[in-house]
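Novice: Enclosed is the structure file upload.tsv (TSV, C-alpha atoms).
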chain	number	residue	atom	x	y	z
A	1	MET	CA	18.33	-29.26	-19.75
A	2	ALA	CA	15.24	-30.96	-21.17
A	3	LEU	CA	16.56	-34.43	-20.30
A	4	LEU	CA	17.61	-33.33	-16.81
A	5	SER	CA	14.19	-31.79	-16.15
A	6	LEU	CA	12.47	-34.95	-17.40
A	7	PHE	CA	14.66	-37.17	-15.20
A	8	THR	CA	13.89	-35.06	-12.13
A	9	VAL	CA	10.14	-35.15	-12.76
A	10	LEU	CA	10.24	-38.93	-13.10
A	11	LEU	CA	11.73	-39.07	-9.59
A	12	GLY	CA	8.37	-37.88	-8.25
A	13	LEU	CA	7.40	-35.06	-5.90
A	14	ASN	CA	9.80	-36.00	-3.10
A	15	GLY	CA	12.77	-36.20	-5.45
A	16	LEU	CA	11.78	-32.90	-7.04
A	17	VAL	CA	11.54	-31.15	-3.67
A	18	ASN	CA	14.95	-32.46	-2.60
A	19	VAL	CA	16.57	-31.02	-5.72
A	20	VAL	CA	14.77	-27.66	-5.86
A	21	SER	CA	15.15	-27.00	-2.12
A	22	LYS	CA	18.92	-27.17	-2.43
A	23	ILE	CA	19.25	-25.00	-5.55
A	24	GLY	CA	16.57	-22.36	-4.84
A	25	PRO	CA	18.19	-20.63	-1.83
A	26	LEU	CA	21.54	-20.48	-3.66
A	27	ILE	CA	19.92	-18.74	-6.63
A	28	ILE	CA	18.25	-16.14	-4.42
A	29	LEU	CA	21.40	-15.47	-2.38
A	30	PHE	CA	23.65	-15.04	-5.41
A	31	SER	CA	21.05	-12.89	-7.17
A	32	LEU	CA	20.87	-10.59	-4.15
A	33	LEU	CA	24.65	-10.27	-3.98
A	34	VAL	CA	24.97	-9.45	-7.68
A	35	GLY	CA	22.07	-7.01	-7.60
A	36	ILE	CA	23.27	-5.15	-4.51
A	37	GLY	CA	26.85	-5.06	-5.83
A	38	SER	CA	25.74	-3.53	-9.12
A	39	ILE	CA	23.60	-0.88	-7.42
A	40	VAL	CA	26.52	0.09	-5.16
A	41	MET	CA	28.71	0.54	-8.27
A	42	ASN	CA	26.19	2.91	-9.87
A	43	PRO	CA	23.78	4.31	-7.25
A	44	THR	CA	22.99	7.52	-9.16
A	45	GLY	CA	21.73	5.55	-12.16
A	46	ILE	CA	18.37	5.00	-10.44
A	47	PHE	CA	17.69	8.74	-10.44
A	48	GLU	CA	18.57	9.02	-14.13
A	49	ALA	CA	16.36	6.11	-15.21
A	50	ASP	CA	13.26	8.18	-15.99
A	51	GLU	CA	15.17	10.44	-18.37
A	52	ILE	CA	16.84	7.50	-20.12
A	53	LEU	CA	13.57	5.57	-20.49
A	54	SER	CA	11.98	8.51	-22.28
A	55	GLY	CA	14.54	8.17	-25.07
A	56	VAL	CA	14.55	4.38	-25.64
A	57	THR	CA	12.02	1.74	-26.71
A	58	VAL	CA	11.56	-0.95	-24.08
A	59	THR	CA	9.66	-4.21	-24.54
A	60	LYS	CA	6.62	-4.10	-22.26
A	61	ALA	CA	4.11	-6.61	-20.99
A	62	ALA	CA	1.43	-3.90	-21.10
A	63	SER	CA	1.15	-0.24	-22.02
A	64	ASN	CA	0.26	0.68	-18.42
A	65	TRP	CA	2.88	0.40	-15.66
A	66	LEU	CA	0.33	-0.72	-13.09
A	67	VAL	CA	-0.94	-3.57	-15.27
A	68	SER	CA	2.64	-4.60	-16.03
A	69	GLY	CA	3.34	-4.66	-12.30
A	70	LEU	CA	0.32	-6.86	-11.68
A	71	ILE	CA	1.18	-9.28	-14.47
A	72	PHE	CA	4.46	-10.46	-12.92
A	73	PRO	CA	3.14	-11.70	-9.55
A	74	SER	CA	-0.08	-12.92	-11.18
A	75	MET	CA	1.99	-14.99	-13.58
A	76	GLY	CA	3.48	-16.76	-10.57
A	77	CYS	CA	-0.01	-17.68	-9.35
A	78	VAL	CA	-0.62	-19.68	-12.52
A	79	MET	CA	2.87	-21.10	-12.95
A	80	ILE	CA	3.93	-22.09	-9.46
A	81	VAL	CA	1.14	-21.75	-6.87
A	82	PRO	CA	-0.53	-25.11	-7.77
A	83	PHE	CA	2.84	-26.80	-7.21
A	84	LEU	CA	3.29	-24.97	-3.92
A	85	ALA	CA	-0.16	-26.13	-2.83
A	86	GLN	CA	0.89	-29.73	-3.40
A	87	LEU	CA	4.15	-29.03	-1.58
A	88	GLY	CA	2.34	-27.41	1.34
A	89	ALA	CA	0.25	-30.53	1.76
A	90	THR	CA	3.43	-32.42	2.67
A	91	ALA	CA	4.23	-30.04	5.57
A	92	SER	CA	4.12	-31.54	9.03
A	93	SER	CA	1.86	-28.76	10.35
A	94	LYS	CA	-0.08	-25.67	9.25
A	95	LYS	CA	2.42	-23.51	11.11
A	96	GLU	CA	5.29	-24.97	9.10
A	97	ALA	CA	3.38	-24.46	5.84
A	98	ARG	CA	2.55	-20.83	6.71
A	99	LEU	CA	6.10	-20.06	7.82
A	100	GLY	CA	7.54	-21.56	4.64
A	101	GLY	CA	5.09	-19.64	2.48
A	102	VAL	CA	5.70	-16.29	4.21
A	103	MET	CA	9.49	-16.60	4.31
A	104	GLY	CA	9.65	-17.81	0.72
A	105	ALA	CA	7.44	-14.97	-0.51
A	106	LEU	CA	9.37	-12.31	1.41
A	107	THR	CA	12.76	-13.57	0.26
A	108	PHE	CA	11.65	-13.84	-3.36
A	109	SER	CA	10.07	-10.37	-3.25
A	110	LEU	CA	13.29	-8.92	-1.84
A	111	ALA	CA	15.33	-10.46	-4.66
A	112	VAL	CA	12.88	-9.15	-7.28
A	113	ALA	CA	12.93	-5.65	-5.74
A	114	VAL	CA	16.73	-5.53	-5.70
A	115	PHE	CA	16.95	-6.58	-9.34
A	116	ALA	CA	14.22	-4.11	-10.34
A	117	PHE	CA	16.27	-1.22	-8.89
A	118	ASP	CA	19.37	-2.75	-10.44
A	119	LEU	CA	17.75	-2.70	-13.89
A	120	LEU	CA	16.68	0.90	-13.40
A	121	ALA	CA	20.19	1.90	-12.36
A	122	ASN	CA	21.61	0.44	-15.59
A	123	ILE	CA	18.62	0.71	-17.93
A	124	GLY	CA	20.56	2.56	-20.62
A	125	ASP	CA	22.81	-0.46	-21.17
A	126	LEU	CA	20.25	-3.20	-20.48
A	127	TYR	CA	16.98	-2.21	-22.13
A	128	ASP	CA	17.73	-4.19	-25.32
A	129	LYS	CA	19.43	-7.22	-23.72
A	130	ASN	CA	17.76	-10.65	-23.57
A	131	VAL	CA	19.47	-11.60	-20.29
A	132	PRO	CA	20.26	-8.31	-18.51
A	133	ALA	CA	21.17	-10.05	-15.25
A	134	LEU	CA	24.11	-11.76	-16.95
A	135	VAL	CA	25.32	-8.43	-18.35
A	136	ILE	CA	25.21	-6.98	-14.85
A	137	ALA	CA	27.21	-9.86	-13.39
A	138	ASN	CA	29.85	-9.62	-16.15
A	139	ARG	CA	30.20	-5.90	-15.48
A	140	ILE	CA	31.12	-6.55	-11.84
A	141	LEU	CA	33.77	-9.16	-12.65
A	142	PRO	CA	34.05	-11.61	-15.59
A	143	PHE	CA	34.39	-14.67	-13.35
A	144	ILE	CA	31.25	-13.62	-11.46
A	145	GLY	CA	29.48	-13.52	-14.81
A	146	ALA	CA	30.64	-17.08	-15.50
A	147	ILE	CA	29.33	-18.25	-12.12
A	148	PHE	CA	26.09	-16.35	-12.58
A	149	SER	CA	25.49	-17.99	-15.95
A	150	ILE	CA	25.42	-21.31	-14.10
A	151	ILE	CA	23.04	-19.79	-11.55
A	152	LEU	CA	20.73	-18.62	-14.34
A	153	ILE	CA	20.69	-22.06	-15.92
A	154	SER	CA	19.85	-23.47	-12.49
A	155	GLY	CA	17.01	-20.94	-12.30
A	156	VAL	CA	15.61	-22.15	-15.61
A	157	TYR	CA	15.86	-25.71	-14.34
A	158	THR	CA	14.11	-25.00	-11.02
A	159	THR	CA	11.30	-23.25	-12.93
A	160	ALA	CA	10.88	-25.87	-15.66
A	161	VAL	CA	10.82	-28.89	-13.35
A	162	PRO	CA	7.85	-27.86	-11.11
A	163	LEU	CA	5.85	-26.76	-14.16
A	164	LEU	CA	6.52	-30.03	-15.96
A	165	TRP	CA	5.62	-32.05	-12.87
A	166	LEU	CA	2.47	-30.00	-12.29
A	167	SER	CA	1.24	-30.45	-15.87
A	168	ARG	CA	1.65	-34.19	-15.69
A	169	ASN	CA	0.26	-34.49	-12.17
A	170	ARG	CA	-2.97	-32.73	-13.15
A	171	LEU	CA	-3.59	-35.37	-15.83
A	172	PHE	CA	-2.01	-38.47	-14.30
A	173	VAL	CA	-1.92	-38.53	-10.50
A	174	ASP	CA	-0.01	-41.80	-10.13
A	175	GLU	CA	3.66	-40.86	-10.53
A	176	LYS	CA	4.66	-44.50	-10.93
A	177	SER	CA	2.30	-45.23	-13.82
A	178	ASN	CA	3.43	-45.59	-17.44
A	179	ARG	CA	0.90	-42.93	-18.48
A	180	PHE	CA	2.61	-40.41	-16.21
A	181	ARG	CA	6.02	-41.26	-17.69
A	182	VAL	CA	4.81	-41.13	-21.29
A	183	GLY	CA	2.99	-37.85	-20.64
A	184	ALA	CA	6.15	-36.33	-19.15
A	185	ILE	CA	8.20	-37.40	-22.18
A	186	VAL	CA	5.66	-35.99	-24.66
A	187	LEU	CA	5.44	-32.66	-22.83
A	188	THR	CA	9.24	-32.45	-22.65
A	189	LEU	CA	9.48	-32.93	-26.43
A	190	ILE	CA	6.87	-30.21	-27.02
A	191	THR	CA	8.73	-27.84	-24.71
A	192	PHE	CA	12.03	-28.59	-26.41
A	193	PHE	CA	10.50	-27.75	-29.79
A	194	LEU	CA	9.09	-24.45	-28.52
A	195	SER	CA	12.49	-23.52	-27.09
A	196	ARG	CA	13.74	-23.14	-30.67
A	197	PHE	CA	11.90	-19.81	-30.88
A	198	PRO	CA	13.70	-16.59	-29.80
A	199	PHE	CA	13.99	-16.38	-26.03
A	200	ALA	CA	12.81	-12.75	-25.74
A	201	VAL	CA	9.72	-13.45	-27.86
A	202	LEU	CA	8.77	-16.52	-25.81
A	203	VAL	CA	9.17	-14.69	-22.50
A	204	ASN	CA	7.23	-11.61	-23.59
A	205	VAL	CA	4.35	-13.51	-25.18
A	206	LEU	CA	3.94	-16.50	-22.85
A	207	CYS	CA	4.57	-14.64	-19.59
A	208	THR	CA	2.19	-11.83	-20.56
A	209	ILE	CA	-0.63	-14.23	-21.44
A	210	THR	CA	0.01	-16.22	-18.26
A	211	GLY	CA	0.00	-12.99	-16.25
A	212	TYR	CA	-3.42	-11.97	-17.50
A	213	LEU	CA	-4.74	-15.45	-16.70
A	214	GLY	CA	-3.17	-15.06	-13.26
A	215	ILE	CA	-5.03	-11.79	-12.64
A	216	LEU	CA	-8.27	-13.61	-13.42
A	217	LEU	CA	-7.23	-16.48	-11.13
A	218	VAL	CA	-6.44	-14.12	-8.22
A	219	PHE	CA	-9.83	-12.43	-8.68
A	220	CYS	CA	-11.59	-15.82	-8.59
A	221	ILE	CA	-9.65	-16.87	-5.46
A	222	PHE	CA	-10.60	-13.71	-3.56
A	223	LYS	CA	-14.22	-14.00	-4.71
A	224	LYS	CA	-14.34	-17.60	-3.53
A	225	ARG	CA	-12.88	-16.73	-0.12
A	226	LEU	CA	-15.37	-13.87	0.33
A	227	SER	CA	-18.23	-16.18	-0.64
A	228	ASN	CA	-17.06	-18.77	1.90
A	229	ARG	CA	-16.90	-16.15	4.67
A	230	GLU	CA	-20.42	-14.96	3.89
A	231	ALA	CA	-21.72	-18.53	3.86
A	232	TYR	CA	-20.06	-19.14	7.24
A	233	ARG	CA	-21.67	-16.04	8.77
A	234	ASP	CA	-25.07	-16.83	7.29
A	235	PRO	CA	-25.65	-20.63	7.52
A	236	LYS	CA	-29.01	-20.45	5.77
Translate the structure described by the file into structure tokens.

Specialist:
Amino acid sequence: MALLSLFTVLLGLNGLVNVVSKIGPLIILFSLLVGIGSIVMNPTGIFEADEILSGVTVTKAASNWLVSGLIFPSMGCVMIVPFLAQLGATASSKKEARLGGVMGALTFSLAVAVFAFDLLANIGDLYDKNVPALVIANRILPFIGAIFSIILISGVYTTAVPLLWLSRNRLFVDEKSNRFRVGAIVLTLITFFLSRFPFAVLVNVLCTITGYLGILLVFCIFKKRLSNREAYRDPK
């Protein structure tokens, strides 16, 4: 996975977009199908989730449900929005960029919402699992679980590649330079080393910290936009 991610990043932005654009929609579609199928198999589980949660210990990003809910989308602002900004700059028009952003956000939000209800419907069996989505897929049919494991690996790949490219691009703009290539290799080695730590620990710690940073970033973005509007209304 590390070598594949590195190879994709070295292809440059255009090569990265060609790869991710083909895999991303497949991941969302299959995730929706698995999530909806699992909910249909156990629709009453959603109504029993509150009672079950009161009797189990669940790993949380924050002690407050509202803060936990804010951390997830805010995390995306730090991890993927800078890449999307670079991607949007390649659009042929503002209309195309807006349409892509809106449709992508809506589709992703739908997939997240489906899986959130899916987790609630099966929380008693999933609260202590590192990869609950894979457990859900296996429960539907074993061969679906096997296919979904490939989908999950693809999801890791399509997340790692933009982040790796973004980190290198912030430091070395020229994708064809040796400094860009060396930087990508060094960062890949660091990432590979960190992957030796337990998956659940990495996700809970890194994603939570990134989420808090994202909340700060969103606040700064809104403050900047409000300041720009005020400056436009009052030229002096």

Novice: Excluding Val56 (chain A) and residues on its chain fewer than 5 positions from it, collect all residues at most 10 Å away from it, counting only C-alpha atoms, and give them as a PyMOL selection string.

Specialist: chain A and resi 51+123-124+127-128

Novice: Could the centre and edge lengths of an axis-aligned box, enclosing all atoms of region 196-209 of chain A in the file with 4 Å extra on each side, be given in Å to one decimal as lines of an AutoDock Vina configuration file?

Specialist:
center_x = 6.7
center_y = -17.4
center_z = -25.2
size_x = 22.6
size_y = 19.5
size_z = 19.3

Novice: What separation in Å, quoted to one decimal, exists between CA of Thr159 (chain A) and CA of Asp118 (chain A)?

Specialist: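 That distance, rounded to one decimal, is 22.2 Å.
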
Novice: Kindly give the distance, in Å, that separates CA of Asn122 (chain A) and CA of Phe148 (chain A), rounded to a single decimal.

Specialist: 17.6 Å

Novice: When you count all atoms listed in the file, which of these residues is closest to Ile36 (chain A): A:Val186, A:Leu206, A:Ile153, A:Ala116?

Specialist: A:Ala116

Novice: Pick from A:Ala91, A:Ile147, A:Leu187, A:Ala121: nearest to Ala160 (chain A), with all atoms listed in the file counted?

Specialist: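 Among A:Ala91, A:Ile147, A:Leu187, A:Ala121, it is A:Leu187 that comes nearest to Ala160 (chain A).
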
Novice: How many Å lie between CA of Val102 (chain A) and CA of Pro25 (chain A), rounded to one decimal?

Specialist: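 These two atoms are separated by 14.5 Å.
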
Novice: Might you pull out every residue within 10 Å of region 62-79 of chain A, with all atoms listed in the file counted and same-chain residues fewer than 5 positions away left off, and present them as a list in words?

Specialist: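 Selected residues are Leu84, Ser109, Thr159, Ala160, Pro162, Leu163, Leu166, Ser167, Asn204, Leu206, Cys207, Thr208, Ile209, Thr210, Gly211, Tyr212, Leu213, Gly214, Ile215, Leu216, Leu217 and Val218 of chain A.
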
Novice: Choose the residue, out of A:Leu141, A:Val135, A:Leu152, A:Ile28, that has the smallest atom-to-atom separation from Leu106 (chain A); count all atoms listed in the file.

Specialist: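 Residue with the minimum atom-to-atom distance to Leu106 (chain A): A:Ile28.
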
Novice: Taking only C-alpha atoms into account, name the residue in A:Ser93, A:Asn130, A:Ser154, A:Ser38 that is nearest to Val201 (chain A).

Specialist: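 When distances to Val201 (chain A) are compared using only C-alpha atoms, the smallest one comes from A:Asn130.
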
Novice: Nearest to Gly101 (chain A): which of A:Ala89, A:Ala184, A:Val161, A:Ile27 is it, counting only C-alpha atoms?

Specialist: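 Using only C-alpha atoms, Gly101 (chain A) sits closest to A:Ala89.
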
Novice: Near Ser149 (chain A), within 12 Å and counting only C-alpha atoms, which residues show up once chain neighbours fewer than 6 positions away are dropped, as a VMD selection string?

Specialist: chain A and resid 27 30 to 31 34 131 to 138 142 to 143 155 to 156

Novice: Would you mind telling me which residue in A:Leu32, A:Phe47, A:Arg139, A:Asn228 lies nearest to Asp125 (chain A) when using only C-alpha atoms?

Specialist: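 Of the candidates, the smallest distance to Asp125 (chain A) is held by A:Arg139.
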